[in-house]
Amino acid sequence: MSIKDRVVGRFAPSPTGPLHFGSLVAAVGSYCLARQVGGAWLLRMEDIDTPRVVPGAADAILRELERFGFEWDGEVLYQSRRFERYDAALLELRHKGLLYDCGCTRKEILASAPHPGEEGPRYPGTCRQGLPPGRQPRAQRIIVPDKLFCFTDVLFGGIEQHLADTVGDFVLKRADGIYAYQLAVVVDDLDSGVNQVVRGADLLSSTARQIYLWACFKRPQPEYIHLPIALGPDNEKLSKRHGRFGLQTEKPGMALQRVLRFLGQPIPPGLEDAPPAEILPWAVDNFKINRVPRLSSRADAV
């Protein structure tokens with residue numbers, strides 16, 4: 001396999017709290033699928049939303065990943081150190097005539113879409129032809145074409161989304177000066193050579209926007225694999241508000257086994273009491289994507 005054809009995967013947690021079960025699911029899935037074909041596995045801290053970052057959380061996540069036996073390639077990439085790169089990407093899109101300034105407030109956008117869908121209110125394009133008189137630029141938006149975006153997810157199959165109807169021209173730099181997730185994740189993956197994106201199914205609805213940005217930068221999109229979402233006891237997506245959800249008191253080997261069972265990967269009896277140094281290599285060698293369920297389920301039921 002040439003370097004060009006080598007799989008490059010990644011894990012990109014947000015340091016807004018400790019590593020939890022749902023994060024570990026994404027880490028294990030992405031690690032196994034990259035490593036079992038001799039691919040690279042990169043680590044990125046998505047700390048771009050600085051007001052939400054918890055001091056010390058990034059270092060704590062790194063220590064946890066080491067405790068579970070993960071080994072990553074190269075240095076950890078921090079989004080908070082890449083603002084100049086994101087500005088360059090915005091300038092490139094502006095030179096292509098794809099970016100414009102928006103002076104609308106969130107309240108105004110909500111008022112224009114009284115019945116928003118799951119993606120929130122669709123932007124009506126108020127500032128697309130220029131800022132209305134008396135308006136000052138706030139956010140920066142990208143022009144979305146009137147077309148259907150289609151892609152194939154390894155687990156979910158064919159996915160279609162008409163961005164102009166469901167989202168409209170979306171924000172790439174917010175009014176508070178923070179770069180949007182959609183921009184940062186594409187630029188980071190592009191620069192790092194990532195060609196396999198394995199993450200939770202809660203991000204499935206973001207994928208069409210990212211595929212559009214890949215096309216704007218004239219680069220081929222990566223392969224997408226969206227894993228089932230781990231739910232908490234309240235049947236809501238497991239998140240930082242649920243705490244570590246078992247990772248603090250549970251032995252690392254037991255936590256890895258729970259994650260693998262959640263992903264449909266049965267553990268052989270001989271590994272039931274094994275440490276991560278034995279479980280994770282076994283998982284890399286034996287991980288089967290066709291065993292992964294598409295449905296989300298309770299994390300405390302595995």
# chains A, B, ... in the order shown; residues from 1 in each chain; ligands from 1
call {"tool": "select_by_dssp", "arguments": {"residues": "stretch 51-289 of chain A", "states": "strand (DSSP E or B)", "output": "ChimeraX atom specification"}}
result
/A:77-78,99-102,117,120,139-142,148-153,157-162,171-173,179,196-200,223-227,230-231,237
call {"tool": "residues_around", "arguments": {"residues": "A:Val197", "least_positions_apart": "2", "cutoff": "8 Å", "atoms": "only C-alpha atoms", "output": "NGL selection string"}}
result
:A and (9-10 or 30 or 194-195 or 199 or 222-225)
call {"tool": "closest_atom_pairs", "arguments": {"of": "stretch 96-183 of chain A", "to": "stretch 47-54 of chain A", "cutoff": "9 Å", "atoms": "only C-alpha atoms", "output": "tab-separated table"}}
result
residue	atom	partner	partner_atom	distance
A:Ile178	CA	A:Asp49	CA	6.5
A:Tyr179	CA	A:Ile48	CA	7.0
A:Ala180	CA	A:Ile48	CA	8.3
A:Tyr181	CA	A:Ile48	CA	7.8
call {"tool": "residues_around", "arguments": {"residues": "A:Asp146", "least_positions_apart": "6", "cutoff": "8 Å", "atoms": "only C-alpha atoms", "output": "VMD selection string"}}
result
chain A and resid 162 to 164
call {"tool": "closest_atom_pairs", "arguments": {"of": "stretch 103-173 of chain A", "to": "stretch 79-97 of chain A", "cutoff": "10 Å", "atoms": "only C-alpha atoms", "output": "Markdown table"}}
result
| residue | atom | partner | partner_atom | distance |
| --- | --- | --- | --- | --- |
| A:Gln140 | CA | A:Leu90 | CA | 8.7 |
| A:Arg141 | CA | A:Leu90 | CA | 9.7 |
| A:Ile142 | CA | A:Leu93 | CA | 8.0 |
| A:Ile143 | CA | A:Gly97 | CA | 8.5 |
| A:Leu172 | CA | A:Leu90 | CA | 7.9 |
| A:Lys173 | CA | A:Leu90 | CA | 8.5 |
call {"tool": "write_last_selection", "arguments": {"atoms": "C-alpha atoms", "output": "PDB file, in the first residue's frame"}}
result
ATOM      1  CA  GLN A 140     -19.779  35.037   7.702  1.00  0.00           C
ATOM      2  CA  ARG A 141     -21.914  32.641   5.661  1.00  0.00           C
ATOM      3  CA  ILE A 142     -21.235  30.403   2.683  1.00  0.00           C
ATOM      4  CA  ILE A 143     -23.551  30.355  -0.329  1.00  0.00           C
ATOM      5  CA  LEU A 172     -18.520  29.566   8.909  1.00  0.00           C
ATOM      6  CA  LYS A 173     -17.519  32.261  11.395  1.00  0.00           C
TER       7      LYS A 173
END
call {"tool": "residues_around", "arguments": {"residues": "A:Cys127", "least_positions_apart": "4", "cutoff": "10 Å", "atoms": "only C-alpha atoms", "output": "list in words"}}
result
Tyr100, Asp101, Cys102, Gly103, Cys104, Tyr123, Leu131, Pro132, Arg135, Pro137, Arg141 and Asp169 of chain A
